[in-house]
>>> print(open('entry-v5.tsv').read())   # TSV, C-alpha atoms and all ligand atoms
chain	number	residue	atom	x	y	z
A	244	MET	CA	-14.02	-25.48	10.58
A	245	PRO	CA	-13.90	-28.99	9.00
A	246	ASP	CA	-10.78	-30.74	7.65
A	247	PRO	CA	-11.04	-32.75	4.36
A	248	ASP	CA	-12.41	-35.74	6.34
A	249	GLY	CA	-15.10	-33.60	7.94
A	250	GLN	CA	-13.38	-33.51	11.35
A	251	ALA	CA	-13.52	-30.18	13.19
A	252	VAL	CA	-10.27	-28.21	13.08
A	253	GLU	CA	-9.48	-25.81	15.90
A	254	VAL	CA	-8.87	-22.34	14.47
A	255	LEU	CA	-6.70	-20.24	16.75
A	256	SER	CA	-4.89	-18.21	14.12
A	257	LEU	CA	-5.27	-17.34	10.44
A	258	ALA	CA	-2.39	-19.75	9.77
A	259	ASP	CA	-4.71	-22.57	10.92
A	260	VAL	CA	-7.21	-21.46	8.27
A	261	ALA	CA	-4.45	-21.42	5.64
A	262	ALA	CA	-3.55	-25.02	6.48
A	263	ALA	CA	-7.20	-26.12	6.22
A	264	ALA	CA	-7.54	-24.30	2.88
A	265	LYS	CA	-4.37	-25.73	1.39
A	266	ALA	CA	-5.54	-29.26	2.19
A	267	VAL	CA	-8.63	-28.87	-0.04
A	268	THR	CA	-7.24	-26.69	-2.87
A	269	SER	CA	-5.52	-27.88	-6.07
A	270	ALA	CA	-1.82	-27.06	-6.29
A	271	ALA	CA	-2.28	-24.74	-9.30
A	272	VAL	CA	-5.06	-22.71	-7.66
A	273	TRP	CA	-3.10	-22.56	-4.40
A	274	ASP	CA	-0.11	-21.20	-6.33
A	275	PHE	CA	-2.32	-18.62	-8.08
A	276	ILE	CA	-3.56	-17.40	-4.69
A	277	GLU	CA	-0.35	-17.54	-2.69
A	278	GLY	CA	2.14	-16.63	-5.36
A	279	GLY	CA	3.93	-13.36	-5.96
A	280	SER	CA	5.88	-12.16	-8.97
A	281	GLY	CA	9.51	-12.88	-9.84
A	282	VAL	CA	11.49	-14.38	-6.98
A	283	GLU	CA	8.78	-13.14	-4.56
A	284	ARG	CA	11.01	-10.60	-2.81
A	285	SER	CA	8.16	-8.10	-2.41
A	286	LEU	CA	5.84	-10.82	-1.15
A	287	ARG	CA	8.36	-11.61	1.59
A	288	ALA	CA	8.98	-7.90	2.26
A	289	ASN	CA	5.34	-7.47	3.29
A	290	ARG	CA	5.70	-9.96	6.12
A	291	ALA	CA	9.23	-8.82	7.01
A	292	GLY	CA	7.95	-5.24	7.31
A	293	LEU	CA	5.05	-6.18	9.56
A	294	ASP	CA	7.21	-8.54	11.60
A	295	ALA	CA	9.57	-5.65	12.34
A	296	VAL	CA	6.81	-3.43	13.78
A	297	TYR	CA	6.62	-3.39	17.57
A	298	VAL	CA	4.41	-1.03	19.54
A	299	LEU	CA	4.90	0.60	22.92
A	300	PRO	CA	1.78	-0.33	24.91
A	301	ARG	CA	0.31	2.42	27.11
A	302	ILE	CA	-0.46	1.73	30.77
A	303	LEU	CA	-2.99	2.67	33.47
A	304	ARG	CA	-5.72	3.69	31.07
A	305	ASP	CA	-8.88	1.85	32.17
A	306	VAL	CA	-9.58	-0.36	29.17
A	307	SER	CA	-12.75	-1.86	30.65
A	308	ARG	CA	-14.61	-0.28	27.74
A	309	GLN	CA	-12.98	-0.63	24.35
A	310	SER	CA	-14.31	-0.36	20.82
A	311	ALA	CA	-12.72	-1.10	17.44
A	312	ALA	CA	-15.61	0.56	15.59
A	313	GLY	CA	-15.09	3.42	13.16
A	314	VAL	CA	-16.30	5.03	9.96
A	315	LEU	CA	-14.70	4.53	6.54
A	316	LEU	CA	-15.82	6.91	3.79
A	317	GLY	CA	-19.16	7.38	5.46
A	318	SER	CA	-19.81	3.71	6.23
A	319	PRO	CA	-19.81	2.58	9.86
A	320	VAL	CA	-17.54	-0.45	10.38
A	321	SER	CA	-17.05	-2.78	13.34
A	322	MET	CA	-13.27	-2.69	12.88
A	323	PRO	CA	-10.82	-0.90	10.55
A	324	VAL	CA	-10.76	-3.72	8.02
A	325	VAL	CA	-12.00	-4.01	4.43
A	326	THR	CA	-11.82	-7.11	2.24
A	327	ALA	CA	-9.34	-6.60	-0.60
A	328	PRO	CA	-10.57	-6.87	-4.18
A	329	MET	CA	-9.70	-10.35	-5.41
A	330	ALA	CA	-10.58	-11.80	-8.78
A	331	TYR	CA	-12.33	-15.08	-9.53
A	332	GLN	CA	-13.32	-16.21	-6.04
A	333	ARG	CA	-15.40	-19.08	-7.45
A	334	LEU	CA	-12.05	-20.78	-8.09
A	335	VAL	CA	-12.11	-21.92	-4.46
A	336	ASN	CA	-15.82	-22.21	-3.63
A	337	ALA	CA	-18.97	-22.63	-5.71
A	338	GLU	CA	-20.63	-19.54	-4.19
A	339	GLY	CA	-17.43	-17.52	-4.47
A	340	GLU	CA	-17.78	-13.78	-3.82
A	341	LEU	CA	-21.37	-14.22	-2.64
A	342	ALA	CA	-20.27	-16.26	0.37
A	343	ALA	CA	-17.43	-13.85	1.14
A	344	ALA	CA	-19.69	-10.78	0.83
A	345	ARG	CA	-22.26	-12.33	3.17
A	346	ALA	CA	-19.55	-12.98	5.74
A	347	ALA	CA	-18.26	-9.40	5.39
A	348	LYS	CA	-21.79	-8.19	6.02
A	349	VAL	CA	-22.06	-10.29	9.19
A	350	ALA	CA	-18.71	-8.89	10.35
A	351	ASP	CA	-19.83	-5.38	9.45
A	352	VAL	CA	-16.91	-4.53	7.19
A	353	PRO	CA	-17.00	-3.40	3.53
A	354	PHE	CA	-16.55	-6.01	0.81
A	355	THR	CA	-14.62	-4.85	-2.25
A	356	VAL	CA	-15.95	-6.32	-5.49
A	357	SER	CA	-13.19	-6.94	-8.04
A	358	MET	CA	-13.89	-5.91	-11.59
A	359	LEU	CA	-12.85	-9.50	-12.34
A	360	SER	CA	-15.41	-10.92	-9.92
A	361	SER	CA	-16.98	-14.27	-10.77
A	362	VAL	CA	-20.31	-13.11	-9.26
A	363	SER	CA	-22.03	-9.94	-10.47
A	364	VAL	CA	-22.19	-6.75	-8.44
A	365	GLU	CA	-26.00	-6.86	-8.60
A	366	GLU	CA	-26.10	-10.34	-7.03
A	367	LEU	CA	-23.66	-9.21	-4.36
A	368	ALA	CA	-25.70	-6.08	-3.67
A	369	ALA	CA	-28.73	-8.31	-3.06
A	370	ALA	CA	-26.81	-9.83	-0.14
A	371	GLY	CA	-27.08	-6.43	1.51
A	372	GLY	CA	-23.74	-5.37	3.06
A	373	THR	CA	-21.50	-2.38	2.28
A	374	LEU	CA	-19.88	-2.84	-1.13
A	375	TRP	CA	-16.94	-1.02	-2.68
A	376	PHE	CA	-16.18	-1.55	-6.38
A	377	GLN	CA	-12.69	-2.00	-7.81
A	378	LEU	CA	-11.87	-1.01	-11.36
A	379	TYR	CA	-8.96	-1.79	-13.64
A	380	TRP	CA	-8.40	0.59	-16.54
A	381	LEU	CA	-9.77	-1.08	-19.66
A	382	ARG	CA	-8.85	-0.39	-23.26
A	383	ASP	CA	-12.58	-0.15	-23.95
A	384	ARG	CA	-13.70	3.11	-22.29
A	385	ALA	CA	-17.38	2.30	-22.96
A	386	VAL	CA	-17.12	-0.87	-20.87
A	387	THR	CA	-15.44	1.07	-18.05
A	388	LEU	CA	-18.27	3.58	-18.10
A	389	GLU	CA	-20.91	0.89	-18.12
A	390	LEU	CA	-19.27	-0.80	-15.13
A	391	LEU	CA	-19.14	2.49	-13.26
A	392	GLU	CA	-22.85	2.97	-13.82
A	393	ARG	CA	-23.64	-0.59	-12.78
A	394	ALA	CA	-21.59	-0.26	-9.59
A	395	GLU	CA	-23.26	3.02	-8.72
A	396	ALA	CA	-26.76	1.71	-9.50
A	397	ALA	CA	-26.08	-1.38	-7.35
A	398	GLY	CA	-25.36	0.95	-4.42
A	399	CYS	CA	-21.57	0.62	-4.12
A	400	GLN	CA	-20.25	3.12	-1.60
A	401	ALA	CA	-16.78	3.72	-3.07
A	402	LEU	CA	-14.84	3.23	-6.28
A	403	MET	CA	-11.32	1.84	-6.06
A	404	LEU	CA	-9.11	2.32	-9.10
A	405	THR	CA	-6.16	-0.07	-9.14
A	406	VAL	CA	-3.19	1.66	-10.75
A	407	ASP	CA	-0.34	-0.81	-10.34
A	408	VAL	CA	-1.26	-3.19	-13.17
A	409	PRO	CA	-0.32	-1.56	-16.51
A	410	ARG	CA	0.33	-5.23	-17.22
A	411	MET	CA	0.40	-8.24	-14.94
A	412	GLY	CA	3.53	-9.03	-12.91
A	413	ARG	CA	5.54	-12.08	-13.96
A	414	ARG	CA	4.03	-14.64	-11.64
A	415	LEU	CA	6.37	-17.52	-12.26
A	416	ARG	CA	4.27	-20.10	-10.45
A	417	ASP	CA	1.36	-19.42	-12.83
A	418	VAL	CA	3.67	-19.45	-15.85
A	419	ARG	CA	5.12	-22.82	-14.83
A	420	ASN	CA	1.65	-24.22	-14.16
A	421	GLY	CA	0.25	-22.79	-17.41
A	422	PHE	CA	-2.46	-21.40	-15.13
A	423	THR	CA	-5.81	-21.26	-16.93
A	424	LEU	CA	-9.30	-20.61	-15.59
A	425	PRO	CA	-11.62	-23.63	-15.45
A	426	PRO	CA	-14.72	-23.39	-17.70
A	427	GLY	CA	-17.27	-22.39	-15.05
A	428	VAL	CA	-15.30	-19.46	-13.58
A	429	THR	CA	-15.52	-16.23	-15.58
A	430	ALA	CA	-15.23	-12.47	-15.15
A	431	VAL	CA	-19.00	-12.00	-15.27
A	432	HIS	CA	-18.81	-8.19	-15.57
A	433	LEU	CA	-16.90	-8.51	-18.82
A	434	GLY	CA	-19.62	-10.44	-20.60
A	435	GLY	CA	-18.87	-13.54	-22.68
A	436	PRO	CA	-18.61	-16.87	-20.90
A	437	GLU	CA	-15.02	-17.60	-21.89
A	438	THR	CA	-11.99	-15.49	-22.73
A	439	SER	CA	-8.31	-15.99	-23.40
A	440	ALA	CA	-7.99	-16.58	-19.64
A	441	HIS	CA	-9.59	-19.99	-20.33
A	442	ARG	CA	-7.28	-20.96	-23.21
A	443	TRP	CA	-4.38	-23.09	-22.05
A	444	GLN	CA	-0.96	-22.35	-23.49
A	445	SER	CA	2.13	-24.28	-22.58
A	446	GLY	CA	4.50	-22.25	-20.39
A	447	ALA	CA	2.25	-19.20	-20.07
A	448	SER	CA	-0.31	-17.82	-17.65
A	449	ALA	CA	-3.59	-17.50	-19.53
A	450	VAL	CA	-4.81	-15.03	-16.88
A	451	ALA	CA	-1.83	-12.77	-17.61
A	452	ALA	CA	-2.43	-13.04	-21.37
A	453	HIS	CA	-6.06	-12.02	-20.85
A	454	THR	CA	-5.21	-8.95	-18.76
A	455	GLN	CA	-2.62	-7.88	-21.32
A	456	GLN	CA	-5.37	-7.97	-23.92
A	457	ILE	CA	-7.91	-5.89	-22.00
A	458	PHE	CA	-5.99	-3.58	-19.61
A	459	ASP	CA	-4.98	-0.17	-20.91
A	460	PRO	CA	-1.41	0.83	-20.02
A	461	THR	CA	-1.96	4.45	-21.12
A	462	LEU	CA	-3.67	5.20	-17.76
A	463	SER	CA	-2.32	8.51	-16.44
A	464	TRP	CA	-3.14	11.38	-14.08
A	465	SER	CA	-5.61	13.05	-16.42
A	466	ASP	CA	-7.77	9.92	-16.38
A	467	LEU	CA	-8.40	10.38	-12.65
A	468	GLY	CA	-10.24	13.60	-13.47
A	469	TRP	CA	-12.24	11.84	-16.19
A	470	LEU	CA	-13.29	9.22	-13.68
A	471	ARG	CA	-14.16	11.69	-10.93
A	472	GLU	CA	-16.42	13.62	-13.28
A	473	ARG	CA	-18.39	10.49	-14.06
A	474	THR	CA	-19.22	9.17	-10.63
A	475	THR	CA	-20.48	10.38	-7.29
A	476	MET	CA	-18.76	7.50	-5.52
A	477	PRO	CA	-15.71	8.59	-3.52
A	478	LEU	CA	-12.56	7.57	-5.41
A	479	ILE	CA	-9.81	5.45	-3.86
A	480	VAL	CA	-6.53	4.88	-5.69
A	481	LYS	CA	-4.97	1.47	-5.01
A	482	GLY	CA	-1.31	0.68	-5.51
A	483	VAL	CA	0.49	3.79	-4.24
A	484	LEU	CA	4.00	3.55	-2.76
A	485	ASP	CA	5.84	6.79	-3.59
A	486	PRO	CA	4.98	9.69	-1.24
A	487	ASN	CA	5.14	12.11	-4.22
A	488	ASP	CA	2.37	10.17	-5.91
A	489	ALA	CA	0.40	10.08	-2.66
A	490	ALA	CA	0.66	13.86	-2.35
A	491	ARG	CA	-0.41	14.36	-5.95
A	492	ALA	CA	-3.38	11.99	-5.60
A	493	ALA	CA	-4.48	13.74	-2.41
A	494	GLY	CA	-4.19	17.07	-4.22
A	495	ALA	CA	-6.32	15.67	-7.04
A	496	GLY	CA	-9.14	15.15	-4.58
A	497	VAL	CA	-9.15	11.39	-4.08
A	498	ALA	CA	-10.94	10.19	-0.95
A	499	GLY	CA	-8.48	7.43	-0.13
A	500	LEU	CA	-5.27	5.66	-1.08
A	501	VAL	CA	-4.32	2.04	-0.71
A	502	VAL	CA	-0.63	1.82	0.07
A	503	SER	CA	0.11	-1.51	-1.54
A	504	ASN	CA	2.51	-3.59	-3.61
A	505	HIS	CA	-0.46	-5.73	-4.71
A	506	GLY	CA	0.40	-8.51	-2.30
A	507	GLY	CA	3.84	-8.85	-3.91
A	508	ARG	CA	2.21	-9.76	-7.24
A	509	GLN	CA	3.31	-6.81	-9.40
A	510	LEU	CA	6.81	-5.25	-9.47
A	511	ASP	CA	9.09	-7.69	-7.67
A	512	GLY	CA	11.40	-5.44	-5.69
A	513	SER	CA	8.72	-2.86	-4.94
A	514	ALA	CA	8.74	-1.81	-1.28
A	515	ALA	CA	6.34	-3.13	1.31
A	516	GLY	CA	3.52	-0.70	2.04
A	517	ILE	CA	4.10	-0.92	5.78
A	518	ASP	CA	7.65	0.41	5.32
A	519	VAL	CA	6.56	3.56	3.46
A	520	LEU	CA	3.38	4.24	5.41
A	521	PRO	CA	4.74	6.98	7.73
A	522	LYS	CA	6.12	8.97	4.76
A	523	ILE	CA	2.84	8.61	2.88
A	524	ARG	CA	0.86	9.76	5.91
A	525	GLU	CA	3.09	12.82	6.09
A	526	ALA	CA	2.74	13.55	2.35
A	527	VAL	CA	-1.03	13.27	2.42
A	528	ASP	CA	-1.29	15.50	5.49
A	529	GLY	CA	-4.85	14.56	6.39
A	530	ARG	CA	-6.30	15.29	2.94
A	531	CYS	CA	-7.54	11.73	2.37
A	532	GLN	CA	-7.77	8.38	4.09
A	533	VAL	CA	-4.80	6.02	3.94
A	534	TYR	CA	-5.27	2.28	3.80
A	535	LEU	CA	-2.62	-0.43	3.86
A	536	ASP	CA	-2.57	-3.92	2.43
A	537	GLY	CA	-0.07	-6.72	2.04
A	538	GLY	CA	0.62	-9.45	4.56
A	539	ILE	CA	-1.99	-8.65	7.21
A	540	ARG	CA	-2.39	-11.95	9.02
A	541	GLY	CA	-3.72	-11.12	12.47
A	542	GLY	CA	-5.07	-8.52	14.88
A	543	GLY	CA	-1.56	-7.54	15.97
A	544	ASP	CA	-0.77	-6.59	12.36
A	545	VAL	CA	-3.87	-4.38	12.23
A	546	LEU	CA	-2.72	-2.65	15.42
A	547	GLY	CA	0.79	-2.14	14.02
A	548	ALA	CA	-0.54	-0.80	10.71
A	549	LEU	CA	-2.78	1.76	12.42
A	550	ALA	CA	0.01	2.80	14.78
A	551	ARG	CA	2.21	3.35	11.70
A	552	GLY	CA	-0.38	5.60	10.09
A	553	ALA	CA	-3.10	3.59	8.36
A	554	ASP	CA	-6.79	4.43	8.77
A	555	ALA	CA	-7.67	0.85	7.93
A	556	VAL	CA	-6.24	-2.28	6.34
A	557	LEU	CA	-7.34	-4.40	3.40
A	558	LEU	CA	-7.32	-8.13	4.02
A	559	GLY	CA	-6.47	-10.27	1.00
A	560	ARG	CA	-5.49	-13.91	0.91
A	561	PRO	CA	-6.91	-14.89	4.34
A	562	ILE	CA	-10.40	-14.23	2.94
A	563	LEU	CA	-9.72	-16.79	0.20
A	564	TRP	CA	-8.35	-19.23	2.78
A	565	GLY	CA	-11.61	-19.05	4.73
A	566	LEU	CA	-13.64	-19.35	1.54
A	567	ALA	CA	-11.69	-22.39	0.35
A	568	ALA	CA	-11.76	-24.11	3.73
A	569	ALA	CA	-15.45	-23.68	4.61
A	570	GLY	CA	-17.25	-21.16	2.36
A	571	GLU	CA	-19.21	-18.43	4.10
A	572	ARG	CA	-18.61	-19.99	7.52
A	573	GLY	CA	-14.87	-20.06	6.83
A	574	VAL	CA	-14.81	-16.35	5.99
A	575	ASN	CA	-16.92	-15.70	9.10
A	576	ASP	CA	-14.26	-17.53	11.12
A	577	VAL	CA	-11.47	-15.46	9.53
A	578	LEU	CA	-13.15	-12.13	10.22
A	579	SER	CA	-14.31	-12.98	13.73
A	580	LEU	CA	-10.87	-14.27	14.67
A	581	LEU	CA	-9.28	-11.09	13.32
A	582	ARG	CA	-11.78	-9.03	15.30
A	583	GLU	CA	-11.12	-10.99	18.48
A	584	GLU	CA	-7.36	-10.63	18.05
A	585	PHE	CA	-7.60	-6.91	17.33
A	586	ASP	CA	-9.85	-6.25	20.35
A	587	HIS	CA	-7.42	-8.21	22.50
A	588	ALA	CA	-4.39	-6.34	21.10
A	589	MET	CA	-6.10	-2.98	21.67
A	590	ILE	CA	-6.81	-3.79	25.32
A	591	LEU	CA	-3.29	-5.04	25.98
A	592	ALA	CA	-1.88	-1.90	24.32
A	593	GLY	CA	-4.03	0.33	26.54
A	594	CYS	CA	-6.25	1.56	23.70
A	595	ARG	CA	-9.94	2.32	24.13
A	596	ASP	CA	-10.63	3.42	20.59
A	597	LEU	CA	-8.98	3.78	17.20
A	598	ALA	CA	-7.70	7.27	17.98
A	599	ASP	CA	-5.69	5.71	20.84
A	600	VAL	CA	-4.30	3.08	18.47
A	601	ARG	CA	-3.14	5.74	16.03
A	602	GLN	CA	-1.24	7.46	18.80
A	603	LEU	CA	0.77	4.41	19.78
A	604	GLN	CA	4.49	4.73	19.26
A	605	VAL	CA	6.20	2.18	17.10
A	606	VAL	CA	9.66	0.69	17.07
A	607	ASP	CA	11.03	-0.82	13.87
A	608	SER	CA	13.25	-3.64	15.10
A	609	ARG	CA	15.51	-3.17	12.07
A	610	ALA	CA	16.22	0.41	13.20
A	611	PRO	CA	15.92	0.35	16.99
A	612	MET	CA	15.04	3.52	18.95
A	613	ARG	CA	17.93	5.51	20.33
A	701	LIG	C1	-5.91	-14.27	-5.84
A	701	LIG	C2	-5.77	-12.78	-5.82
A	701	LIG	C3	-6.51	-12.02	-6.72
A	701	LIG	C4	-6.40	-10.62	-6.69
A	701	LIG	N1	-7.18	-9.89	-7.55
A	701	LIG	C5	-7.13	-8.54	-7.48
A	701	LIG	C6	-8.02	-7.75	-8.26
A	701	LIG	O1	-8.85	-8.27	-9.01
A	701	LIG	N2	-7.92	-6.39	-8.16
A	701	LIG	C7	-7.01	-5.78	-7.34
A	701	LIG	O2	-6.95	-4.55	-7.28
A	701	LIG	N3	-6.19	-6.50	-6.56
A	701	LIG	C8	-6.23	-7.86	-6.61
A	701	LIG	N4	-5.43	-8.59	-5.77
A	701	LIG	C9	-4.55	-7.90	-4.80
A	701	LIG	C10	-5.30	-7.67	-3.48
A	701	LIG	O3	-6.33	-6.74	-3.63
A	701	LIG	C11	-4.37	-7.14	-2.37
A	701	LIG	O4	-3.67	-6.00	-2.82
A	701	LIG	C12	-3.36	-8.16	-1.84
A	701	LIG	O5	-3.83	-9.48	-1.98
A	701	LIG	C13	-3.12	-7.84	-0.37
A	701	LIG	O6	-2.17	-8.64	0.17
A	701	LIG	P1	-2.50	-9.94	1.08
A	701	LIG	O7	-3.09	-10.97	0.16
A	701	LIG	O8	-1.13	-10.33	1.53
A	701	LIG	O9	-3.42	-9.56	2.22
A	701	LIG	C14	-5.52	-9.99	-5.78
A	701	LIG	C15	-4.79	-10.77	-4.89
A	701	LIG	C16	-4.91	-12.14	-4.89
A	701	LIG	C17	-4.12	-12.94	-3.89
>>> encode(input="entry-v5.tsv", output="structure tokens", more="lines below")
Ligand SMILES: Cc1cc2nc3c(=O)[nH]c(=O)nc-3n(C[C@H](O)[C@H](O)[C@H](O)COP(=O)(O)O)c2cc1C
Amino acid sequence: MPDPDGQAVEVLSLADVAAAAKAVTSAAVWDFIEGGSGVERSLRANRAGLDAVYVLPRILRDVSRQSAAGVLLGSPVSMPVVTAPMAYQRLVNAEGELAAARAAKVADVPFTVSMLSSVSVEELAAAGGTLWFQLYWLRDRAVTLELLERAEAAGCQALMLTVDVPRMGRRLRDVRNGFTLPPGVTAVHLGGPETSAHRWQSGASAVAAHTQQIFDPTLSWSDLGWLRERTTMPLIVKGVLDPNDAARAAGAGVAGLVVSNHGGRQLDGSAAGIDVLPKIREAVDGRCQVYLDGGIRGGGDVLGALARGADAVLLGRPILWGLAAAGERGVNDVLSLLREEFDHAMILAGCRDLADVRQLQVVDSRAPMR
């Protein structure tokens, strides 16, 4: 991976990629990517939760043959990782989502297309990997329906409805920066070249103003049924933290849940997904898949998340770090490093396959075993 002067940078951890990305990204865009809402308590909780997870490695298990491969909603994957939906990826690289989707294809993991993608789902489908499509609930039901049809026609394998953004969290870094999209970066699925997200206002996030205009806060349980009737794609609900909600969603026939506080970008003070995962697993009782996101920064985190009850993890910001640092090659580096670290962690933990990982016992260092 090159540094800003074109010198090769040794990448031994995802933190190395973050450093390379920061060096080539404007301060306002870096803040948009890295920032959380409020005083960023929930952002920190994600790392604190993962940092507290320790596993009990198993011994004497012949790990000469090990595989991280699995199946997520019918799609074979090389490891239990999916790229998280993230808006406006052309902010950090001219090819944007296209480069990231190509890298996900090489790594053999699904790429989730954000509804606010800056490259269209049809162009991404032409790249050929497994695509999932993420939807926000729009005030204009006709546009939602049209997007559903486009995603399905493009061959997306799952539909992910994000339910934790009735309005955007107060992301103070963006407010202070008056964060506004540059002219060439648009939400291509929503038509028109420019929106209120491109109109600078002093002391306000234009991106937040735009979402407030188009997102529909009336979204409720009955809408899940409406959605399920209109698509054959398996439905995933993203942004679940309360086990009661998880149980209800599983009962409503969803195929998967993403246990998530939106990378600490929505309610500041919402719990970290990793901390509620065991309770959610229990509530769901095998009725649907359970995914985790928030703070995953290495193969050891993937191991810990699976041991705690996740079927897979969503990887967010590190994808953007790779994209910013070196485009498609940078995202390749991120995903192959994660894979290498996860394989290594599995072997050292005595795990031959993902079923072994899920059976590992976990200690939370904030509540030691007695
Ligand atoms: C720059 C950025 C844009 C995002 N855009 C979306 C989005 O369009 N839809 C969505 O459901 N989540 C979005 N998210 C949240 C991610 O899908 C994910 O929940 C979160 O980033 C995971 O945490 P991590 O970044 O710590 O891995 C975004 C996150 C970031 C950092």
>>> residues_near_ligand(input="entry-v5.tsv", ligand="ligand LIG 701 (chain A)", cutoff="8 Å", atoms="only C-alpha atoms and all ligand atoms", output="PyMOL selection string")
chain A and resi 275-278+286+289+327-332+357-360+377-379+403-405+481-482+503-508+536-540+557-561+563
>>> closest_residue(input="entry-v5.tsv", among="A:Leu510, A:Ala452, A:Val356, A:Val335", to="Val408 (chain A)", atoms="all atoms listed in the file")
A:Leu510
>>> atom_distance(input="entry-v5.tsv", atom1="CA of Ala610 (chain A)", atom2="CA of Ser280 (chain A)")
27.5 Å
>>> residues_around(input="entry-v5.tsv", residues="Asp305 (chain A)", least_positions_apart="5", cutoff="12 Å", atoms="only C-alpha atoms", output="MDAnalysis selection string")
chainID A and resid 589:596
>>> atom_distance(input="entry-v5.tsv", atom1="CA of Val296 (chain A)", atom2="CA of Val501 (chain A)")
19.1 Å
>>> closest_residue(input="entry-v5.tsv", among="A:Ala370, A:Ala490, A:Val502, A:Val252", to="Asp528 (chain A)", atoms="only C-alpha atoms")
A:Ala490
>>> closest_residue(input="entry-v5.tsv", among="A:Val254, A:Val386, A:Ala271, A:Ala346", to="Val418 (chain A)", atoms="all atoms listed in the file")
A:Ala271
>>> closest_residue(input="entry-v5.tsv", among="A:Pro247, A:Gly372, A:Pro409, A:Gly427", to="Ala342 (chain A)", atoms="all atoms listed in the file")
A:Gly372
>>> residues_around(input="entry-v5.tsv", residues="Gly496 (chain A)", least_positions_apart="6", cutoff="9 Å", atoms="all atoms listed in the file", output="list in words")
Arg471, Leu478, Arg530 and Cys531 of chain A
>>> write_last_selection(input="entry-v5.tsv", atoms="C-alpha atoms", output="PDB file, in the coordinates of the input")
ATOM      1  CA  ARG A 471     -14.160  11.690 -10.930  1.00  0.00           C
ATOM      2  CA  LEU A 478     -12.560   7.570  -5.410  1.00  0.00           C
ATOM      3  CA  ARG A 530      -6.300  15.290   2.940  1.00  0.00           C
ATOM      4  CA  CYS A 531      -7.540  11.730   2.370  1.00  0.00           C
TER       5      CYS A 531
END
>>> atom_distance(input="entry-v5.tsv", atom1="CA of Pro486 (chain A)", atom2="CA of Pro319 (chain A)")
28.1 Å
>>> residues_around(input="entry-v5.tsv", residues="Trp443 (chain A)", least_positions_apart="5", cutoff="7 Å", atoms="all atoms listed in the file", output="PDB file with C-alpha atoms, in the frame of the given file")
ATOM      1  CA  GLY A 421       0.250 -22.790 -17.410  1.00  0.00           C
ATOM      2  CA  THR A 423      -5.810 -21.260 -16.930  1.00  0.00           C
ATOM      3  CA  ALA A 449      -3.590 -17.500 -19.530  1.00  0.00           C
TER       4      ALA A 449
END
>>> residues_around(input="entry-v5.tsv", residues="Arg384 (chain A)", least_positions_apart="5", cutoff="10 Å", atoms="all atoms listed in the file", output="VMD selection string")
chain A and resid 389 to 390 459
>>> closest_residue(input="entry-v5.tsv", among="A:Ala263, A:Leu467, A:Leu255, A:Ala440", to="Val480 (chain A)", atoms="all atoms listed in the file")
A:Leu467
>>> closest_residue(input="entry-v5.tsv", among="A:Ala295, A:Leu391, A:Val600, A:Leu415", to="Ala311 (chain A)", atoms="all atoms listed in the file")
A:Val600
>>> residues_around(input="entry-v5.tsv", residues="Val605 (chain A)", least_positions_apart="3", cutoff="7 Å", atoms="only C-alpha atoms", output="count of residues only")
6
>>> residues_near_point(input="entry-v5.tsv", point="(-14.4, -20.9, 9.8)", cutoff="12 Å", atoms="all atoms listed in the file", output="mmCIF file with C-alpha atoms, in the coordinates of the input")
data_model
loop_
_atom_site.group_PDB
_atom_site.id
_atom_site.type_symbol
_atom_site.label_atom_id
_atom_site.label_comp_id
_atom_site.auth_asym_id
_atom_site.auth_seq_id
_atom_site.Cartn_x
_atom_site.Cartn_y
_atom_site.Cartn_z
ATOM 1 C CA MET A 244 -14.020 -25.480 10.580
ATOM 2 C CA PRO A 245 -13.900 -28.990 9.000
ATOM 3 C CA ASP A 246 -10.780 -30.740 7.650
ATOM 4 C CA ALA A 251 -13.520 -30.180 13.190
ATOM 5 C CA VAL A 252 -10.270 -28.210 13.080
ATOM 6 C CA GLU A 253 -9.480 -25.810 15.900
ATOM 7 C CA VAL A 254 -8.870 -22.340 14.470
ATOM 8 C CA LEU A 255 -6.700 -20.240 16.750
ATOM 9 C CA SER A 256 -4.890 -18.210 14.120
ATOM 10 C CA LEU A 257 -5.270 -17.340 10.440
ATOM 11 C CA ASP A 259 -4.710 -22.570 10.920
ATOM 12 C CA VAL A 260 -7.210 -21.460 8.270
ATOM 13 C CA ALA A 261 -4.450 -21.420 5.640
ATOM 14 C CA ALA A 263 -7.200 -26.120 6.220
ATOM 15 C CA ALA A 264 -7.540 -24.300 2.880
ATOM 16 C CA ALA A 343 -17.430 -13.850 1.140
ATOM 17 C CA ALA A 346 -19.550 -12.980 5.740
ATOM 18 C CA PRO A 561 -6.910 -14.890 4.340
ATOM 19 C CA ILE A 562 -10.400 -14.230 2.940
ATOM 20 C CA LEU A 563 -9.720 -16.790 0.200
ATOM 21 C CA TRP A 564 -8.350 -19.230 2.780
ATOM 22 C CA GLY A 565 -11.610 -19.050 4.730
ATOM 23 C CA LEU A 566 -13.640 -19.350 1.540
ATOM 24 C CA ALA A 567 -11.690 -22.390 0.350
ATOM 25 C CA ALA A 568 -11.760 -24.110 3.730
ATOM 26 C CA ALA A 569 -15.450 -23.680 4.610
ATOM 27 C CA GLY A 570 -17.250 -21.160 2.360
ATOM 28 C CA GLU A 571 -19.210 -18.430 4.100
ATOM 29 C CA ARG A 572 -18.610 -19.990 7.520
ATOM 30 C CA GLY A 573 -14.870 -20.060 6.830
ATOM 31 C CA VAL A 574 -14.810 -16.350 5.990
ATOM 32 C CA ASN A 575 -16.920 -15.700 9.100
ATOM 33 C CA ASP A 576 -14.260 -17.530 11.120
ATOM 34 C CA VAL A 577 -11.470 -15.460 9.530
ATOM 35 C CA LEU A 578 -13.150 -12.130 10.220
ATOM 36 C CA SER A 579 -14.310 -12.980 13.730
ATOM 37 C CA LEU A 580 -10.870 -14.270 14.670
ATOM 38 C CA LEU A 581 -9.280 -11.090 13.320
#
